[in-house]
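Working notes for the structure below.
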Amino acid sequence: MTAITESIEQRYTRRQLIRRRFFRNKLALFGLVVLTLMFALAFIGPLFAQYSWDELDFFNFLSPPSLSNGHYFGTSMIGGDVYALTLRGLQKSLFIGLLVAFFSTGVAAIVGAFAGYMAGRVDRSLMWVVDMLLVLPSFLIVAVLSPLYRGKTWLVFVILLAAFSWMITARIVRGLSMSLRERDFVRAARYMGVPTWKIVFRHLIPNMSSILIIDATLNVGGAILSETGLSYLGFGVQPPDVSLGSLIAEGTASALTYPWLFMFAGSFLILTVLAVSFVGDGLRDAFDPGSVGGTNK
Amino acid sequence: MNSNTPVLERYGKWASGIVTGDLGLTLQNTQISDEIQKRIWVSLRLLILGSILGSIIGVLFGVISAVRQYKFFDRSFGIIAYILLSTPVFLSAILIKYGAISINEVIGTTLFYTVGEYTPGLEGGGFSLLVNRLQHLILPTLSITLGGIAFYSRYQRNAMLDVLSSDHLRTARMKGLTKRQALFKHGLRVAILPMATFFAYSFGLLITGAAFTETIFGWYGMGQWFITAVQSNDINSVSIVILFSAVLVLFSGFLADVLTAALDPRVRLR
């Protein structure tokens, strides 16, 4: 009897198991550490800056990185402090990445769950919209629509990016909710007269939370990549504000002679996206140890 | 046409023009059809070569990774693929470009050209022109190829791992095939199937990546045209490039079906 209670006491809850599996994964742990560092740098780092990001130092043009004059990462062609600018860009890129991932996974969860649960005509029309959007070259469309948010808040940009990145997740969620709707607890709720929206939000979406968490994490990387790509071409975050993409674009013209102009922004960008995909894959392996880990898309 | 005309009417006029072969004028009042003829082959040369190389090498590396799962090659190449996938095209293209410039400086001659398709006003015969074109071609192709390798190898590795543990492969081994024969005849053929669809569709969407590559390496192709057209509000040119990418997607969807039918007898029978 005592042996049995002991073994029960030693058992882990699901959450503990997931945490253990995640922390045992070296790459995922590395990703988490890098990501934490990036966030700390982006939001605490500016406190240590000697100059603000929109300040110009007219005594130092294109000075190399140095600790003595307060420009840790050097200065740009017009005397901007690259340290402050890079952190500002990192802040913006991280923030946009998180917001886009949050919105797109949210929309995907709602649309996919309703489509899968309600089936029939609702399903067909929602999936028609999804398929239509999937065929559109989203990058080109956002670029074409960029005058819409020129001179306005960058939140419009976030919404546009999110609007074109939820479709694949929606299809996955639809498949899941189609199988969940036949489960007994959902059927019971339905026969008890629980309204559809309540079933979707209380029974379906919480039961897919692991997929949604993984997907939202991996979407952060994708969102950062498309944001910086658009900003690189001048279709994303608009000046005077900066993002990692626009910083890289500015710095590349003279990258050989003044490497500090884009080196920091570039390496932060690669590190962030790499860390996000490590964390995402680590989460997937932790939630579902049976899956073949390693896809990164 | 002015902005007071309803959108649908304007669209109708544009679409009927397309059908009859009238693609409209650019902002500079030149014929779009002339511009397309100049640019389309620039893009296609780059895209076709880059994506074919990328997919073949990627599939190959994916298969090797799967067969030697958790061995040295798999692990080290896996990390490299991760880093490549996390590097946006514009960053890797810039790094390739400046890497090549420093190689040129070290060697002392221009081995790689980083701007344009060929050196204008080049003297000499056909052979030196070919070499010159190749020297220009190698870097942009490399930048497209690298992304493709990383992308395909990850998918191919997973697909191959699924197949490796399947029953029919074990049967093939049991009836006396060597490991190599079983892998190539029964394993690879099945594992490559989903890749055909991937290849075809990603080819259609490659135009986005090409926009960066063409801009950075100074190739005047469709992607570079798109960027300048959006920046100058040149609506006719923008619509043509989008139409071009739509045609590419449709064509590559068709290609995907043909490839799948060629590889998979089950599809042909139906």
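Lettering and numbering for the structure tokens are positional, with chains as A, B, ... in the shown order, residues counted from 1 in each chain, and ligands counted from 1 in the shown order.
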
Using only C-alpha atoms, I'd like every residue of chain B that has an atom within 9 Å of chain A; please write them out as a PyMOL selection string. chain B and resi 78+82-91+94+98+101-102+151+154-155+157-158+161-162+205+208+212+226-227+230-231+233+238+242+245-246+249

Excluding B:Val67 and its own-chain neighbours fewer than 3 positions away, which residues fall within 8 Å of it when counting only C-alpha atoms? Please give them as a count of residues only. 5

Residues within 8 Å of A:Gln91, please, as a PyMOL selection string. Count only C-alpha atoms; anything in the same chain fewer than 6 positions from it doesn't count. chain A and resi 39+42-43+243

I want to know what sits within 10 Å of B:His136, based on only C-alpha atoms, with residues of the same chain fewer than 6 positions away left out; could you give that as a compact mmCIF listing (two decimals) with N, CA and C atoms, in the first residue's frame?
```
# COMPACT_ATOMS: atom_id res chain seq x y z
N LEU B 111 37.13 38.06 -59.24
CA LEU B 111 36.64 36.71 -59.53
C LEU B 111 35.12 36.71 -59.59
N PHE B 112 34.49 37.38 -58.63
CA PHE B 112 33.03 37.48 -58.59
C PHE B 112 32.63 38.92 -58.88
N TYR B 113 31.64 39.08 -59.74
CA TYR B 113 31.08 40.40 -59.94
C TYR B 113 29.82 40.51 -59.09
N THR B 114 29.64 41.67 -58.45
CA THR B 114 28.52 41.77 -57.52
C THR B 114 27.39 42.64 -58.04
N VAL B 115 27.57 43.28 -59.18
CA VAL B 115 26.51 44.14 -59.69
C VAL B 115 26.20 43.79 -61.14
N GLY B 116 24.93 43.60 -61.45
CA GLY B 116 24.50 43.43 -62.82
C GLY B 116 24.63 42.02 -63.34
N GLU B 117 24.26 41.88 -64.64
CA GLU B 117 24.22 40.57 -65.26
C GLU B 117 25.47 40.27 -66.05
N TYR B 118 26.07 41.30 -66.63
CA TYR B 118 27.31 41.14 -67.38
C TYR B 118 27.99 42.50 -67.42
N THR B 119 29.28 42.50 -67.73
CA THR B 119 30.00 43.77 -67.81
C THR B 119 29.65 44.46 -69.11
N LEU B 130 30.58 34.33 -71.93
CA LEU B 130 29.96 33.30 -71.12
C LEU B 130 30.56 33.27 -69.73
N PHE B 217 21.81 42.68 -55.90
CA PHE B 217 22.85 42.41 -56.88
C PHE B 217 22.67 43.21 -58.17
N TRP B 219 20.29 43.29 -60.49
CA TRP B 219 19.73 42.64 -61.68
C TRP B 219 18.40 43.31 -61.96
```

For stretch 60-66 of chain A, find every residue with an atom within 10 Å (counting only C-alpha atoms), except residues of its own chain fewer than 3 positions away, and show them as a PyMOL selection string. chain A and resi 56-57+69-83+258-261

Requested write-out: N, CA and C atoms of the selected residues, as an mmCIF file, in the first residue's frame:
```cif
data_model
loop_
_atom_site.group_PDB
_atom_site.id
_atom_site.type_symbol
_atom_site.label_atom_id
_atom_site.label_comp_id
_atom_site.auth_asym_id
_atom_site.auth_seq_id
_atom_site.Cartn_x
_atom_site.Cartn_y
_atom_site.Cartn_z
ATOM 1 N N LEU A 56 21.058 63.508 -32.473
ATOM 2 C CA LEU A 56 22.199 63.475 -33.383
ATOM 3 C C LEU A 56 23.393 64.128 -32.707
ATOM 4 N N ASP A 57 24.529 63.443 -32.790
ATOM 5 C CA ASP A 57 25.745 63.974 -32.186
ATOM 6 C C ASP A 57 26.592 64.594 -33.294
ATOM 7 N N ASN A 69 33.560 57.515 -25.747
ATOM 8 C CA ASN A 69 32.702 58.657 -26.077
ATOM 9 C C ASN A 69 31.222 58.333 -25.939
ATOM 10 N N GLY A 70 30.905 57.175 -25.391
ATOM 11 C CA GLY A 70 29.504 56.876 -25.099
ATOM 12 C C GLY A 70 28.750 56.259 -26.255
ATOM 13 N N HIS A 71 29.368 56.168 -27.442
ATOM 14 C CA HIS A 71 28.706 55.490 -28.559
ATOM 15 C C HIS A 71 29.207 54.054 -28.599
ATOM 16 N N TYR A 72 28.550 53.170 -27.852
ATOM 17 C CA TYR A 72 29.056 51.801 -27.706
ATOM 18 C C TYR A 72 29.148 51.100 -29.047
ATOM 19 N N PHE A 73 28.197 51.361 -29.953
ATOM 20 C CA PHE A 73 28.189 50.700 -31.255
ATOM 21 C C PHE A 73 28.607 51.672 -32.350
ATOM 22 N N GLY A 74 29.208 52.800 -32.009
ATOM 23 C CA GLY A 74 29.608 53.768 -33.016
ATOM 24 C C GLY A 74 28.483 54.719 -33.390
ATOM 25 N N THR A 75 28.732 55.540 -34.391
ATOM 26 C CA THR A 75 27.695 56.467 -34.841
ATOM 27 C C THR A 75 27.476 56.324 -36.334
ATOM 28 N N SER A 76 26.327 56.833 -36.781
ATOM 29 C CA SER A 76 25.960 56.701 -38.184
ATOM 30 C C SER A 76 26.444 57.910 -38.969
ATOM 31 N N MET A 77 26.076 57.924 -40.244
ATOM 32 C CA MET A 77 26.551 58.965 -41.132
ATOM 33 C C MET A 77 26.116 60.360 -40.680
ATOM 34 N N ILE A 78 24.930 60.457 -40.075
ATOM 35 C CA ILE A 78 24.467 61.777 -39.653
ATOM 36 C C ILE A 78 24.632 61.965 -38.156
ATOM 37 N N GLY A 79 25.404 61.077 -37.510
ATOM 38 C CA GLY A 79 25.705 61.280 -36.103
ATOM 39 C C GLY A 79 24.739 60.631 -35.135
ATOM 40 N N GLY A 80 23.868 59.746 -35.644
ATOM 41 C CA GLY A 80 22.973 59.031 -34.731
ATOM 42 C C GLY A 80 23.743 57.968 -33.956
ATOM 43 N N ASP A 81 23.319 57.706 -32.727
ATOM 44 C CA ASP A 81 23.994 56.711 -31.903
ATOM 45 C C ASP A 81 23.500 55.320 -32.290
ATOM 46 N N VAL A 82 24.393 54.490 -32.843
ATOM 47 C CA VAL A 82 23.957 53.196 -33.374
ATOM 48 C C VAL A 82 23.434 52.283 -32.258
ATOM 49 N N TYR A 83 24.016 52.405 -31.066
ATOM 50 C CA TYR A 83 23.544 51.591 -29.936
ATOM 51 C C TYR A 83 22.070 51.868 -29.656
ATOM 52 N N TYR A 258 32.305 50.667 -42.987
ATOM 53 C CA TYR A 258 31.779 50.956 -41.657
ATOM 54 C C TYR A 258 30.885 49.809 -41.196
ATOM 55 N N PRO A 259 31.487 48.657 -40.878
ATOM 56 C CA PRO A 259 30.670 47.474 -40.607
ATOM 57 C C PRO A 259 29.748 47.632 -39.395
ATOM 58 N N TRP A 260 30.084 48.508 -38.459
ATOM 59 C CA TRP A 260 29.245 48.597 -37.266
ATOM 60 C C TRP A 260 27.851 49.136 -37.558
ATOM 61 N N LEU A 261 27.680 49.750 -38.762
ATOM 62 C CA LEU A 261 26.376 50.326 -39.073
ATOM 63 C C LEU A 261 25.302 49.250 -39.178
#
```

Selected residue of minimal separation from A:Ser52 among A:Val33, A:Leu94, A:Ile110, A:Leu87, counting only C-alpha atoms: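 Among the listed residues, A:Leu87 lies closest to A:Ser52.
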
Provide the atom CA of A:Val200 to atom CA of A:Ala115 distance in Å, to one decimal place. 10.2 Å

Counting only C-alpha atoms, the residue of B:Gln69, B:Asn4, B:Gln224, B:Ser232 that sits nearest B:Arg39: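 Among B:Gln69, B:Asn4, B:Gln224, B:Ser232, it is B:Gln224 that comes nearest to B:Arg39.
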
Nearby residues (only C-alpha atoms) at most 10 Å from A:Val130, same-chain spacing under 3 positions excluded, as a PyMOL selection string: chain A and resi 108+111-112+124-127+133-135+164+166-168+170-171

Using only C-alpha atoms, which protein or nucleic acid residues come within 12 Å of A:Leu41? Drop anything in the same chain fewer than 3 positions from it, and give the result as a short mmCIF file (atom, residue, chain, number, x, y, z; two decimals) with C-alpha atoms, in the first residue's frame.
```
data_model
loop_
_atom_site.label_atom_id
_atom_site.label_comp_id
_atom_site.auth_asym_id
_atom_site.auth_seq_id
_atom_site.Cartn_x
_atom_site.Cartn_y
_atom_site.Cartn_z
CA VAL A 34 19.07 34.30 -25.98
CA LEU A 35 15.48 35.48 -26.23
CA THR A 36 15.48 36.67 -22.63
CA LEU A 37 18.75 38.51 -23.25
CA MET A 38 17.31 40.15 -26.36
CA ILE A 44 16.49 47.70 -20.23
CA GLY A 45 19.44 48.46 -22.52
CA PRO A 46 18.29 51.98 -23.46
CA LEU A 47 18.67 52.97 -19.79
CA PHE A 48 22.44 52.67 -20.20
CA ALA A 49 22.58 54.61 -23.45
CA TYR A 83 23.54 51.59 -29.94
CA ALA A 84 20.36 53.51 -29.19
CA THR A 86 19.70 49.34 -32.77
CA LEU A 87 17.94 48.85 -29.45
CA ARG A 88 15.03 50.95 -30.65
CA GLY A 89 14.86 48.82 -33.81
CA LEU A 90 15.10 45.61 -31.79
CA GLN A 91 12.29 46.83 -29.54
CA LEU A 94 10.27 42.21 -31.20
CA PHE A 268 20.57 40.63 -33.37
CA THR A 272 16.40 36.50 -32.32
#
```

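For the pair atom CA of B:Leu44 and atom CA of B:Leu255, the interatomic distance is 15.6 Å.
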